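Undergrad: A single structure is presented below for examination.
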Amino acid sequence: MVSQEQRRRQLAREKFLRQQQRRTSARRKARMRNSVIASVLGVVVIGSVALYTTGVLKNGDDDKKTNASADVTPSATPSSKAPDPCAKPAAGSIGKLQWKKEPAMTIDTSAKYTMKLATTCGDIGIALKTSAAPHTVNSFDFLAGKGFFDHTKCHRLTTNGIYVLQCGDPTGQGSGGPGYTIPDENLKDASLKGNKYPAGTVAMANTGQKHTGGSQFFLVYKDSPLPPSYTPFGTIDASGLKVLDKIAAAGENTGAGDGAPNATVVINKATVTKS
């Protein structure tokens, strides 16, 4: 017999998946419209837009990991904002960097790597799962080395159903990426038991389709019911979880549990280090 809590989680996941499908459809239509306009004007636009769903953000933690904001009914009103617990972003601008294909493998897959996100809200340390997710870790090593994540906003916070903070989009809108995609990895990780991404997990966002991860990722600050569809590639340290709790406590801007964080969450600098 299904409990009320299980039913609530199931409905939350189904709602998230419907939202993701609508967003994906809308983005496809927008891309088609833009391509028609470009052809009429004789303008050739080179580049690609990778769409990411946090798996954690409505797709398994990707309940909030997909777009910068969730669908909100007209009657929904934002809750009163708590004081911003974070500092002002460091000076600098986001680099407009794009690549046509996944970078060549340069990491030592037998070595240990860590990633540090120096954010306006505090440092978040992440132990990377190098051997289990080599393509993902190699990509983050490459992107961090190019300054791709520097000065970017964490654009989505989910506080209902799933509990994630989504980052890694240079546009800050939930539709940006590095221009290439990477394969799904480590979906049978021992930590993903019972369709749940445990607190402390770092996983890739995607479009809801296989092998569509790019640069967007989500940070799970509380156990979240999600299907094992999002590559888990890191574990957050204790001090990093405290930073996420602080961000979550400030809430998000829709009052509906899925939107942009009220806190000013900006990655001043991302670094990947071989240990």
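The way I read the labels, and the way they are meant: chains A, B, ... in the order of the structure tokens, residue 1 as the first residue of every chain, and ligand 1 as the first ligand shown, with later ones counted on from there.
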May I have the residues within 6 Å of Asn268 of chain A as an NGL selection string, using only C-alpha atoms and disregarding those fewer than 4 positions away in the same chain?
TA: :A and (90 or 118-119 or 150-151)
Undergrad: Considering only C-alpha atoms, state which residue in the set A:Asp223, A:Thr152, A:Leu97, A:Ala199 is at the smallest distance from Lys242 of chain A.
TA: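 That would be A:Ala199, the residue with the smallest distance to Lys242 of chain A.
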Undergrad: Which residues in segment 106-256 of chain A does DSSP call strand (DSSP E)? List them as a PyMOL selection string.
TA: chain A and resi 113-119+122-128+152-153+156-158+164-167+196-197+201-204+217-220+224-225+232-236
Undergrad: With only C-alpha atoms as the basis for distance, which of A:Ser275, A:Thr254, A:Ser224, A:Thr181 is at the shortest distance from Gly194 of chain A?
TA: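 Distance minimum relative to Gly194 of chain A lands on A:Ser224.
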